[in-house]
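Structure file input-v1.cif (mmCIF, C-alpha atoms and all ligand atoms) follows.
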```
data_protein
#
loop_
_atom_site.label_atom_id
_atom_site.label_comp_id
_atom_site.auth_asym_id
_atom_site.auth_seq_id
_atom_site.Cartn_x
_atom_site.Cartn_y
_atom_site.Cartn_z
CA MET A 12 -6.42 -33.47 20.70
CA ALA A 13 -2.69 -33.16 21.48
CA SER A 14 -1.87 -29.89 23.09
CA PHE A 15 0.38 -27.37 21.39
CA SER A 16 3.00 -27.54 24.13
CA GLU A 17 3.39 -31.33 23.76
CA ILE A 18 4.25 -31.25 20.06
CA SER A 19 7.62 -30.46 18.52
CA PHE A 20 7.29 -28.55 15.28
CA ALA A 21 10.94 -28.96 14.20
CA ASP A 22 11.44 -28.59 10.40
CA GLN A 23 7.74 -27.86 9.84
CA ARG A 24 6.28 -24.81 8.15
CA VAL A 25 3.82 -23.57 10.76
CA LEU A 26 1.17 -21.07 9.75
CA VAL A 27 0.14 -19.01 12.77
CA ARG A 28 -2.93 -16.74 12.81
CA VAL A 29 -2.08 -13.94 15.23
CA ASP A 30 -3.96 -10.78 16.12
CA PHE A 31 -1.51 -7.99 15.22
CA ASN A 32 -4.31 -5.49 14.72
CA VAL A 33 -2.45 -2.85 16.74
CA PRO A 34 -2.93 0.92 16.83
CA LEU A 35 -0.40 3.00 14.83
CA ASP A 36 0.35 6.73 15.01
CA GLU A 37 0.67 8.96 11.92
CA ASN A 38 4.32 7.87 11.51
CA TYR A 39 3.33 4.20 11.66
CA ASN A 40 4.79 3.65 15.12
CA VAL A 41 2.97 1.03 17.17
CA THR A 42 1.35 2.91 20.06
CA ASP A 43 0.20 -0.16 22.00
CA ASN A 44 2.01 -3.46 21.46
CA THR A 45 -0.08 -5.53 23.92
CA ARG A 46 -1.43 -7.82 21.18
CA ILE A 47 2.02 -8.52 19.75
CA ARG A 48 3.37 -9.31 23.23
CA ALA A 49 0.43 -11.64 23.84
CA ALA A 50 1.47 -13.80 20.86
CA LEU A 51 5.18 -14.00 21.78
CA PRO A 52 5.04 -17.21 23.89
CA THR A 53 3.55 -19.12 20.94
CA ILE A 54 6.02 -17.68 18.42
CA LYS A 55 8.98 -18.30 20.72
CA LYS A 56 7.95 -21.90 21.33
CA LEU A 57 7.85 -22.52 17.57
CA VAL A 58 11.18 -20.77 16.99
CA GLY A 59 12.66 -22.82 19.84
CA ASP A 60 11.37 -26.03 18.24
CA GLY A 61 13.12 -25.12 15.00
CA ALA A 62 9.96 -24.52 12.97
CA LYS A 63 9.63 -22.18 10.01
CA VAL A 64 7.17 -19.70 11.49
CA ILE A 65 4.75 -17.94 9.14
CA LEU A 66 2.67 -15.24 10.83
CA MET A 67 -0.56 -13.98 9.33
CA SER A 68 -2.86 -11.21 10.62
CA HIS A 69 -5.19 -8.44 9.64
CA LEU A 70 -4.58 -4.77 10.40
CA GLY A 71 -7.35 -2.18 10.44
CA ARG A 72 -10.18 -2.10 7.94
CA PRO A 73 -8.75 -1.74 4.41
CA LYS A 74 -11.43 -1.35 1.78
CA GLY A 75 -10.75 -4.56 -0.16
CA GLY A 76 -7.37 -4.07 -1.81
CA PRO A 77 -3.78 -3.20 -0.95
CA ASP A 78 -3.50 0.06 0.98
CA GLU A 79 -0.13 1.36 2.20
CA LYS A 80 -1.80 2.75 5.34
CA PHE A 81 -2.75 -0.74 6.50
CA SER A 82 0.40 -2.60 5.46
CA LEU A 83 1.77 -4.97 8.08
CA LYS A 84 5.30 -4.03 6.95
CA HIS A 85 4.95 -1.07 9.36
CA ILE A 86 4.92 -3.37 12.38
CA CYS A 87 7.66 -5.78 11.26
CA SER A 88 10.41 -4.01 13.22
CA GLU A 89 8.26 -3.88 16.38
CA VAL A 90 7.68 -7.64 16.15
CA ALA A 91 11.40 -8.20 15.52
CA ASN A 92 12.38 -6.04 18.52
CA LEU A 93 9.98 -7.80 20.86
CA LEU A 94 10.99 -11.21 19.58
CA GLY A 95 14.71 -10.43 19.61
CA GLN A 96 15.31 -11.75 16.09
CA GLU A 97 14.91 -10.78 12.47
CA VAL A 98 11.39 -10.98 10.98
CA ASN A 99 11.11 -11.33 7.18
CA PHE A 100 8.19 -9.82 5.34
CA SER A 101 6.15 -11.04 2.37
CA SER A 102 4.40 -8.27 0.44
CA ASP A 103 1.56 -10.66 -0.44
CA CYS A 104 -0.13 -13.18 1.83
CA ILE A 105 -0.78 -15.76 -0.93
CA GLY A 106 0.57 -16.79 -4.36
CA ASP A 107 4.12 -16.95 -5.68
CA THR A 108 5.41 -14.02 -3.63
CA ALA A 109 4.38 -15.67 -0.36
CA LYS A 110 5.54 -19.12 -1.53
CA ASN A 111 8.99 -17.76 -2.48
CA GLU A 112 9.39 -16.09 0.91
CA VAL A 113 8.38 -19.29 2.69
CA GLU A 114 10.92 -21.25 0.55
CA LYS A 115 13.70 -19.00 1.82
CA LEU A 116 12.94 -19.70 5.50
CA SER A 117 15.40 -21.71 7.55
CA ASN A 118 14.44 -23.55 10.73
CA GLY A 119 13.78 -21.15 13.60
CA SER A 120 13.17 -18.13 11.34
CA VAL A 121 10.05 -15.99 11.14
CA LEU A 122 8.06 -14.53 8.25
CA LEU A 123 5.20 -12.04 8.49
CA LEU A 124 2.66 -12.08 5.64
CA GLU A 125 0.99 -8.93 4.32
CA ASN A 126 -2.45 -7.92 5.65
CA LEU A 127 -4.99 -10.68 5.02
CA ARG A 128 -7.76 -8.13 4.59
CA PHE A 129 -6.19 -6.82 1.38
CA TYR A 130 -8.32 -9.67 0.01
CA THR A 131 -12.08 -9.40 0.59
CA GLU A 132 -12.05 -13.20 0.53
CA GLU A 133 -10.60 -13.12 4.05
CA GLU A 134 -13.69 -11.64 5.72
CA GLY A 135 -15.89 -13.45 3.22
CA GLY A 136 -14.58 -16.77 4.57
CA ASP A 137 -13.69 -17.84 1.02
CA GLU A 138 -12.61 -21.46 0.85
CA PHE A 139 -10.33 -21.09 -2.18
CA PHE A 140 -8.47 -18.23 -0.50
CA ALA A 141 -8.22 -20.27 2.72
CA GLY A 142 -6.74 -23.09 0.62
CA GLN A 143 -4.15 -20.73 -0.88
CA LEU A 144 -3.08 -19.71 2.61
CA ALA A 145 -3.06 -23.35 3.72
CA GLU A 146 -0.56 -24.24 0.95
CA LEU A 147 2.04 -22.24 2.85
CA GLY A 148 2.07 -24.45 5.94
CA ASP A 149 2.32 -28.02 7.18
CA ALA A 150 0.48 -27.16 10.40
CA TYR A 151 -1.94 -24.43 11.47
CA VAL A 152 -1.97 -22.66 14.82
CA ASN A 153 -4.67 -20.19 15.81
CA ASP A 154 -3.54 -17.74 18.47
CA ALA A 155 -5.85 -14.84 17.54
CA PHE A 156 -8.50 -14.84 20.24
CA GLY A 157 -9.48 -11.26 19.31
CA THR A 158 -10.91 -12.51 16.00
CA ALA A 159 -12.08 -15.95 17.14
CA HIS A 160 -15.71 -14.82 16.92
CA ARG A 161 -15.35 -14.26 13.17
CA ALA A 162 -15.76 -17.06 10.63
CA HIS A 163 -13.06 -15.65 8.37
CA ALA A 164 -10.82 -17.58 5.97
CA SER A 165 -7.74 -17.43 8.22
CA THR A 166 -9.53 -17.81 11.56
CA ALA A 167 -11.92 -20.69 10.88
CA VAL A 168 -12.28 -21.89 7.26
CA ILE A 169 -8.56 -22.71 6.88
CA ALA A 170 -8.73 -25.31 9.68
CA LYS A 171 -10.38 -27.83 7.35
CA PHE A 172 -7.15 -28.02 5.34
CA PHE A 173 -5.36 -29.27 8.46
CA PRO A 174 -7.65 -32.04 9.73
CA THR A 175 -5.06 -33.33 12.19
CA ASP A 176 -2.39 -30.62 12.31
CA LYS A 177 -4.39 -27.76 13.84
CA TYR A 178 -3.78 -26.32 17.28
CA PHE A 179 -4.61 -23.49 19.66
CA GLY A 180 -1.59 -21.34 20.46
CA PHE A 181 -0.83 -20.57 24.10
CA LEU A 182 -2.96 -17.40 24.17
CA MET A 183 -6.02 -19.11 22.71
CA GLU A 184 -5.52 -22.06 25.02
CA GLN A 185 -5.46 -19.77 28.06
CA GLU A 186 -8.55 -17.84 26.92
CA VAL A 187 -10.50 -21.02 26.22
CA LEU A 188 -9.52 -22.63 29.53
CA SER A 189 -10.40 -19.45 31.48
CA ILE A 190 -13.87 -19.19 29.96
CA GLU A 191 -14.51 -22.90 30.47
CA ARG A 192 -13.38 -22.67 34.08
CA VAL A 193 -16.04 -20.03 34.69
CA LEU A 194 -18.90 -21.37 32.60
CA ASN A 195 -18.45 -25.08 33.41
CA SER A 196 -17.18 -24.76 36.92
CA THR A 197 -17.32 -27.62 39.39
CA GLU A 198 -15.90 -25.31 42.07
CA ARG A 199 -18.56 -23.26 43.87
CA PRO A 200 -19.75 -20.67 44.59
CA VAL A 201 -19.42 -18.94 41.24
CA THR A 202 -20.05 -15.20 41.12
CA ALA A 203 -20.43 -13.00 38.07
CA ILE A 204 -20.28 -9.22 38.28
CA VAL A 205 -21.91 -7.45 35.38
CA GLY A 206 -21.79 -3.68 34.98
CA GLY A 207 -21.52 -1.03 32.32
CA SER A 208 -24.02 1.31 30.85
CA LYS A 209 -26.91 -0.63 29.35
CA VAL A 210 -28.91 -3.76 30.08
CA SER A 211 -29.75 -4.05 26.38
CA SER A 212 -26.13 -4.86 25.46
CA LYS A 213 -25.80 -7.52 28.17
CA ILE A 214 -29.15 -9.38 27.99
CA ALA A 215 -27.71 -12.50 26.33
CA ILE A 216 -24.79 -12.56 28.76
CA ILE A 217 -27.04 -12.25 31.82
CA GLU A 218 -29.38 -14.96 30.51
CA ASN A 219 -26.49 -17.34 29.89
CA LEU A 220 -24.82 -16.62 33.23
CA LEU A 221 -28.06 -17.36 35.06
CA SER A 222 -27.60 -21.00 34.02
CA THR A 223 -24.12 -21.24 35.51
CA VAL A 224 -23.56 -18.89 38.45
CA ASP A 225 -24.66 -18.85 42.09
CA HIS A 226 -24.45 -15.07 42.53
CA LEU A 227 -24.97 -12.31 39.99
CA ILE A 228 -23.90 -8.83 41.05
CA ILE A 229 -25.35 -6.08 38.88
CA GLY A 230 -23.76 -2.61 39.02
CA GLY A 231 -23.06 0.35 36.75
CA GLY A 232 -25.67 2.30 34.83
CA MET A 233 -27.64 -0.83 33.99
CA ALA A 234 -28.58 -1.38 37.65
CA PHE A 235 -30.98 1.58 37.51
CA THR A 236 -33.25 -0.13 35.00
CA PHE A 237 -33.67 -2.97 37.54
CA ILE A 238 -34.18 -0.52 40.43
CA LYS A 239 -36.81 1.49 38.53
CA ALA A 240 -38.55 -1.71 37.42
CA GLN A 241 -38.90 -2.62 41.10
CA GLY A 242 -40.47 0.76 41.86
CA GLY A 243 -37.38 2.71 43.03
CA GLU A 244 -36.91 6.46 42.49
CA ILE A 245 -33.79 6.87 40.36
CA GLY A 246 -33.89 10.63 39.57
CA ASN A 247 -32.03 11.35 36.33
CA SER A 248 -29.96 8.15 36.37
CA LEU A 249 -29.38 6.24 33.16
CA VAL A 250 -32.39 4.04 32.40
CA GLU A 251 -33.81 2.05 29.51
CA ASP A 252 -37.55 2.44 29.93
CA ASP A 253 -38.26 -0.11 27.22
CA LYS A 254 -36.34 -2.74 29.20
CA LEU A 255 -38.20 -2.43 32.53
CA GLU A 256 -40.35 -5.48 31.80
CA LEU A 257 -37.30 -7.43 30.67
CA ALA A 258 -35.49 -6.52 33.90
CA LEU A 259 -38.35 -8.01 35.92
CA GLN A 260 -38.31 -11.12 33.74
CA LEU A 261 -34.56 -11.55 34.33
CA LEU A 262 -35.11 -11.21 38.09
CA SER A 263 -37.79 -13.89 38.11
CA LEU A 264 -35.68 -16.14 35.85
CA ALA A 265 -32.87 -15.80 38.40
CA GLU A 266 -35.23 -16.74 41.19
CA SER A 267 -36.47 -19.80 39.34
CA LYS A 268 -32.86 -20.91 38.76
CA GLY A 269 -31.84 -20.31 42.37
CA VAL A 270 -29.37 -17.54 41.45
CA GLN A 271 -28.99 -14.77 44.01
CA ILE A 272 -29.09 -11.35 42.40
CA HIS A 273 -27.29 -8.52 44.19
CA LEU A 274 -28.24 -5.00 43.18
CA PRO A 275 -26.59 -1.92 44.73
CA SER A 276 -28.21 -0.61 47.91
CA ASP A 277 -26.77 2.90 47.62
CA ALA A 278 -25.22 5.18 45.02
CA ILE A 279 -22.82 8.08 44.62
CA ILE A 280 -24.98 10.72 43.00
CA ALA A 281 -24.19 13.92 41.10
CA ASP A 282 -26.21 16.86 39.79
CA ALA A 283 -24.48 16.63 36.38
CA PHE A 284 -22.52 14.10 34.32
CA SER A 285 -19.25 15.83 35.08
CA ALA A 286 -16.15 15.47 37.26
CA ASN A 287 -16.93 18.99 38.55
CA ALA A 288 -20.55 18.26 39.52
CA ASN A 289 -21.85 18.48 43.08
CA VAL A 290 -21.55 15.00 44.57
CA SER A 291 -23.50 13.28 47.34
CA SER A 292 -24.72 9.80 48.23
CA ALA A 293 -28.21 8.34 48.45
CA ASP A 294 -30.17 5.19 49.03
CA ILE A 295 -30.45 3.51 45.60
CA THR A 296 -34.26 3.63 45.69
CA SER A 297 -34.54 7.31 46.59
CA ILE A 298 -32.34 9.36 44.29
CA PRO A 299 -33.72 12.93 44.21
CA ALA A 300 -35.02 14.46 40.99
CA GLY A 301 -32.24 16.31 39.16
CA TRP A 302 -29.56 13.93 40.51
CA MET A 303 -28.11 10.83 38.87
CA GLY A 304 -26.31 7.78 40.21
CA LEU A 305 -22.83 7.60 38.72
CA ASP A 306 -21.23 5.01 41.00
CA VAL A 307 -22.20 2.41 43.55
CA GLY A 308 -22.04 3.62 47.16
CA GLU A 309 -20.05 2.42 50.19
CA LYS A 310 -22.66 -0.03 51.48
CA SER A 311 -22.92 -1.65 48.06
CA VAL A 312 -19.15 -1.99 47.86
CA GLU A 313 -19.13 -3.79 51.22
CA GLN A 314 -22.01 -6.02 50.21
CA PHE A 315 -20.46 -6.88 46.80
CA SER A 316 -16.95 -7.39 48.22
CA SER A 317 -18.20 -9.85 50.80
CA ILE A 318 -19.87 -11.97 48.10
CA ILE A 319 -16.71 -11.85 45.97
CA LEU A 320 -14.54 -12.94 48.89
CA GLN A 321 -16.77 -15.96 49.56
CA SER A 322 -16.48 -17.14 45.94
CA LYS A 323 -14.22 -19.75 44.36
CA ILE A 324 -14.75 -18.44 40.82
CA VAL A 325 -15.34 -14.79 39.94
CA LEU A 326 -16.06 -13.29 36.55
CA TRP A 327 -16.06 -9.52 36.14
CA ASN A 328 -17.55 -7.82 33.08
CA GLY A 329 -18.34 -4.10 33.10
CA PRO A 330 -17.55 -1.20 35.47
CA MET A 331 -19.59 -0.31 38.57
CA GLY A 332 -19.71 3.38 37.73
CA VAL A 333 -18.31 6.09 35.51
CA PHE A 334 -14.75 5.08 36.44
CA GLU A 335 -13.28 7.38 33.78
CA LEU A 336 -14.21 10.34 36.02
CA GLU A 337 -12.25 10.36 39.28
CA PRO A 338 -15.17 11.16 41.67
CA PHE A 339 -17.07 8.10 40.38
CA ALA A 340 -14.23 5.56 40.16
CA ASN A 341 -14.28 4.25 43.75
CA GLY A 342 -16.86 1.49 43.24
CA THR A 343 -14.98 0.06 40.28
CA ILE A 344 -11.62 0.33 42.09
CA ALA A 345 -13.10 -1.43 45.13
CA ILE A 346 -14.40 -4.31 43.01
CA ALA A 347 -10.99 -4.64 41.34
CA LYS A 348 -9.37 -4.76 44.79
CA ALA A 349 -11.88 -7.36 46.00
CA LEU A 350 -10.96 -9.50 42.98
CA VAL A 351 -7.27 -9.15 43.85
CA LYS A 352 -7.97 -10.25 47.43
CA ALA A 353 -10.12 -13.17 46.28
CA THR A 354 -7.24 -14.22 43.97
CA GLU A 355 -4.79 -14.08 46.89
CA ASN A 356 -7.21 -16.32 48.82
CA GLY A 357 -7.10 -18.91 46.04
CA ALA A 358 -10.14 -18.00 43.92
CA PHE A 359 -9.95 -18.04 40.12
CA THR A 360 -10.75 -14.53 38.88
CA LEU A 361 -11.37 -13.63 35.27
CA VAL A 362 -11.77 -10.09 33.97
CA GLY A 363 -13.28 -10.12 30.52
CA GLY A 364 -14.84 -7.92 27.93
CA GLY A 365 -14.58 -4.22 27.30
CA ASP A 366 -14.38 -1.59 29.97
CA SER A 367 -13.61 -3.74 33.00
CA VAL A 368 -10.39 -4.71 31.22
CA ALA A 369 -9.63 -1.02 30.62
CA ALA A 370 -10.43 -0.33 34.29
CA ILE A 371 -8.20 -3.05 35.76
CA ASN A 372 -5.36 -1.90 33.50
CA GLN A 373 -5.94 1.72 34.52
CA PHE A 374 -5.72 0.72 38.21
CA LYS A 375 -2.55 -1.32 37.45
CA LEU A 376 -4.05 -4.43 39.05
CA ALA A 377 -4.16 -6.67 35.96
CA GLU A 378 -1.16 -8.72 37.14
CA LYS A 379 -2.91 -9.49 40.43
CA VAL A 380 -6.00 -11.30 39.15
CA SER A 381 -5.96 -14.79 37.63
CA TYR A 382 -6.59 -13.79 34.02
CA VAL A 383 -7.47 -10.71 31.99
CA SER A 384 -8.97 -11.60 28.62
CA THR A 385 -7.42 -10.07 25.49
CA GLY A 386 -10.56 -10.33 23.36
CA GLY A 387 -13.39 -7.81 23.61
CA GLY A 388 -16.10 -9.03 21.24
CA ALA A 389 -14.82 -12.62 21.34
CA MET A 390 -15.04 -12.68 25.13
CA LEU A 391 -18.54 -11.17 25.15
CA GLU A 392 -19.81 -13.77 22.66
CA SER A 393 -18.21 -16.57 24.70
CA LEU A 394 -20.01 -15.31 27.80
CA GLU A 395 -23.24 -15.37 25.83
CA GLY A 396 -22.64 -19.10 25.45
CA ILE A 397 -21.84 -18.95 21.74
CA GLU A 398 -19.18 -21.39 20.51
CA LEU A 399 -16.84 -19.15 18.57
CA PRO A 400 -16.08 -20.20 14.96
CA GLY A 401 -12.32 -19.90 15.55
CA ILE A 402 -12.55 -22.21 18.53
CA ALA A 403 -15.00 -24.67 16.98
CA ALA A 404 -12.80 -25.00 13.87
CA ILE A 405 -9.90 -26.30 15.95
CA LYS A 406 -11.92 -28.43 18.35
CA ASN A 407 -14.25 -30.18 15.95
P1 LIG A 501 -20.42 -0.85 28.54
O1 LIG A 501 -19.68 -0.41 27.31
O2 LIG A 501 -21.87 -1.11 28.34
O3 LIG A 501 -19.72 -1.98 29.27
O4 LIG A 501 -20.41 0.39 29.50
C1 LIG A 501 -19.24 0.98 29.99
C2 LIG A 501 -19.53 2.41 30.30
O5 LIG A 501 -20.57 2.48 31.26
C3 LIG A 501 -18.35 3.14 30.92
O6 LIG A 501 -17.89 4.09 29.99
C4 LIG A 501 -18.93 3.80 32.14
O7 LIG A 501 -18.57 5.15 32.27
C5 LIG A 501 -20.43 3.70 31.92
N1 LIG A 501 -21.18 3.71 33.17
C6 LIG A 501 -20.99 2.94 34.24
N2 LIG A 501 -21.84 3.27 35.22
C7 LIG A 501 -22.60 4.29 34.77
C8 LIG A 501 -23.65 5.06 35.33
N3 LIG A 501 -24.08 4.85 36.57
N4 LIG A 501 -24.20 6.01 34.57
C9 LIG A 501 -23.76 6.22 33.31
N5 LIG A 501 -22.78 5.52 32.72
C10 LIG A 501 -22.19 4.57 33.44
#
```
Using structure tokens, write down the structure from this file.
Amino acid sequence: MASFSEISFADQRVLVRVDFNVPLDENYNVTDNTRIRAALPTIKKLVGDGAKVILMSHLGRPKGGPDEKFSLKHICSEVANLLGQEVNFSSDCIGDTAKNEVEKLSNGSVLLLENLRFYTEEEGGDEFFAGQLAELGDAYVNDAFGTAHRAHASTAVIAKFFPTDKYFGFLMEQEVLSIERVLNSTERPVTAIVGGSKVSSKIAIIENLLSTVDHLIIGGGMAFTFIKAQGGEIGNSLVEDDKLELALQLLSLAESKGVQIHLPSDAIIADAFSANANVSSADITSIPAGWMGLDVGEKSVEQFSSIILQSKIVLWNGPMGVFELEPFANGTIAIAKALVKATENGAFTLVGGGDSVAAINQFKLAEKVSYVSTGGGAMLESLEGIELPGIAAIKN
């Protein structure tokens, strides 16, 4: 498959699925334009080639029909400002209105179509609707990693109308390459750090990672289910009692696959789930009754950091503690810093999925690791080993 960067799209009508599902305030101002900025390299390349660029996206969750509140017209000026050129708008994403707007485009100009989810056919993956969208373009580019785990009309089904002229945009390409570099690595050792609140939400990820990594570091609230399963005293720490057996099974699966599991050896403990609680530290297996572990302790940080620094590939998913509360943020900050150092030493470091992304942004260290994924659910499903419909549709 020719890569997007190698092709010139001059004179072509290029239909680009972007993820412009951005938050708006009550006056329809974009409050976080990260997703729009993430799509700019792809749009700018197409504009530079002299293509007619047709952008399509969803916004929010309209209830199957046009709804002013979810109109993409509200974000047109933000896209234009970031892009540095005029962006035309089509008040319908299919039919004569859209066709007429596309007709008017000159080479190097940009059109944004109205919210795809004003048609229930979008989420329904309707083939006829996908065909109507496809009529608008000569080539299809998917740059919406955030929705790549959905088999919607514009993210997956549409690709069949472009058997040869379908491409990943730069953002998708980067996401796909980053995940592949971790899951199919030839460089070793590979370390995954998994944290967050519950084992139950990460079972499939842990199982999949056990087939690919050398080291698995487990932190955050979920570590206590493993510690309790092994007979440790965890006081009032977060635990899933119905997952104790599963935790033991995961540990023995790791052993059979030769994966080294690293659980915390100590914890920062508190007598309440509050930034104003009394705080102390304890061995991870002897947390007193009435106290709960809300962060990993100093010894654990040292132990985890040393593994990270020995690794060639590091994946980080999920915080080490309740990083939102200042007294319990140290473990998560320390892991972020270890990733930065590993990156400086030449390791490939990927931060992906949910709260670890929020954490690395909060610590302002996102620029200092190799890659921070833009897709929450899409990243989690990729780590579970699922081939995402939006990715499969382009590749196959
Ligand atoms: P998740 O959404 O499963 O990735 O979990 C992220 C959440 O886990 C964050 O909001 C953290 O505050 C929380 N968390 C991390 N460590 C702990 C802990 N030891 N006890 C309770 N919650 C935790």
I'd like the contact shell of range 369-378 of chain A - 10 Å cut-off, all atoms listed in the file, skipping same-chain residues fewer than 6 positions apart - returned as an MDAnalysis selection string. chainID A and resid 329:330 334:335 340 343:344 346:348 350:351 362:363
Would you mind listing the residues within 10 Å of ligand LIG 501 (chain A), counting only C-alpha atoms and all ligand atoms, as a short mmCIF file (atom, residue, chain, number, x, y, z; two decimals) with C-alpha atoms, in the frame of the given file?
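File part.cif, as written:
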```
data_model
loop_
_atom_site.label_atom_id
_atom_site.label_comp_id
_atom_site.auth_asym_id
_atom_site.auth_seq_id
_atom_site.Cartn_x
_atom_site.Cartn_y
_atom_site.Cartn_z
CA VAL A 205 -21.91 -7.45 35.38
CA GLY A 206 -21.79 -3.68 34.98
CA GLY A 207 -21.52 -1.03 32.32
CA SER A 208 -24.02 1.31 30.85
CA LYS A 209 -26.91 -0.63 29.35
CA VAL A 210 -28.91 -3.76 30.08
CA SER A 211 -29.75 -4.05 26.38
CA SER A 212 -26.13 -4.86 25.46
CA LYS A 213 -25.80 -7.52 28.17
CA GLY A 230 -23.76 -2.61 39.02
CA GLY A 231 -23.06 0.35 36.75
CA GLY A 232 -25.67 2.30 34.83
CA MET A 233 -27.64 -0.83 33.99
CA ALA A 234 -28.58 -1.38 37.65
CA PHE A 235 -30.98 1.58 37.51
CA ASN A 247 -32.03 11.35 36.33
CA SER A 248 -29.96 8.15 36.37
CA LEU A 249 -29.38 6.24 33.16
CA VAL A 250 -32.39 4.04 32.40
CA ALA A 278 -25.22 5.18 45.02
CA ILE A 279 -22.82 8.08 44.62
CA ILE A 280 -24.98 10.72 43.00
CA PHE A 284 -22.52 14.10 34.32
CA MET A 303 -28.11 10.83 38.87
CA GLY A 304 -26.31 7.78 40.21
CA LEU A 305 -22.83 7.60 38.72
CA ASP A 306 -21.23 5.01 41.00
CA VAL A 307 -22.20 2.41 43.55
CA ASN A 328 -17.55 -7.82 33.08
CA GLY A 329 -18.34 -4.10 33.10
CA PRO A 330 -17.55 -1.20 35.47
CA MET A 331 -19.59 -0.31 38.57
CA GLY A 332 -19.71 3.38 37.73
CA VAL A 333 -18.31 6.09 35.51
CA PHE A 334 -14.75 5.08 36.44
CA GLU A 335 -13.28 7.38 33.78
CA LEU A 336 -14.21 10.34 36.02
CA PHE A 339 -17.07 8.10 40.38
CA ALA A 340 -14.23 5.56 40.16
CA GLY A 342 -16.86 1.49 43.24
CA THR A 343 -14.98 0.06 40.28
CA GLY A 364 -14.84 -7.92 27.93
CA GLY A 365 -14.58 -4.22 27.30
CA ASP A 366 -14.38 -1.59 29.97
CA SER A 367 -13.61 -3.74 33.00
CA VAL A 368 -10.39 -4.71 31.22
CA ALA A 369 -9.63 -1.02 30.62
CA ALA A 370 -10.43 -0.33 34.29
#
```
Counting all atoms listed in the file, find the residues whose atoms lie at most 7 Å from (-5.5, -16.3, 28.6) (file coordinates) and write them out as a ChimeraX atom specification. /A:182-186,189,382-384
Point-to-point distance in Å for CA of Gln23 in chain A and CA of Leu83 in chain A: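 That distance, rounded to one decimal, is 23.7 Å.
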Rounded to one decimal, what separation in Å do you get between CA of Val224 in chain A and CA of Gln321 in chain A?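 Here the two named atoms are 13.3 Å from each other.
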Could you name the residues that touch range 136-142 of chain A at 8 Å or less, counting only C-alpha atoms, but leaving out those on the same chain fewer than 2 positions away, as a ChimeraX atom specification? /A:132-134,144-146,162-165,167-169,172
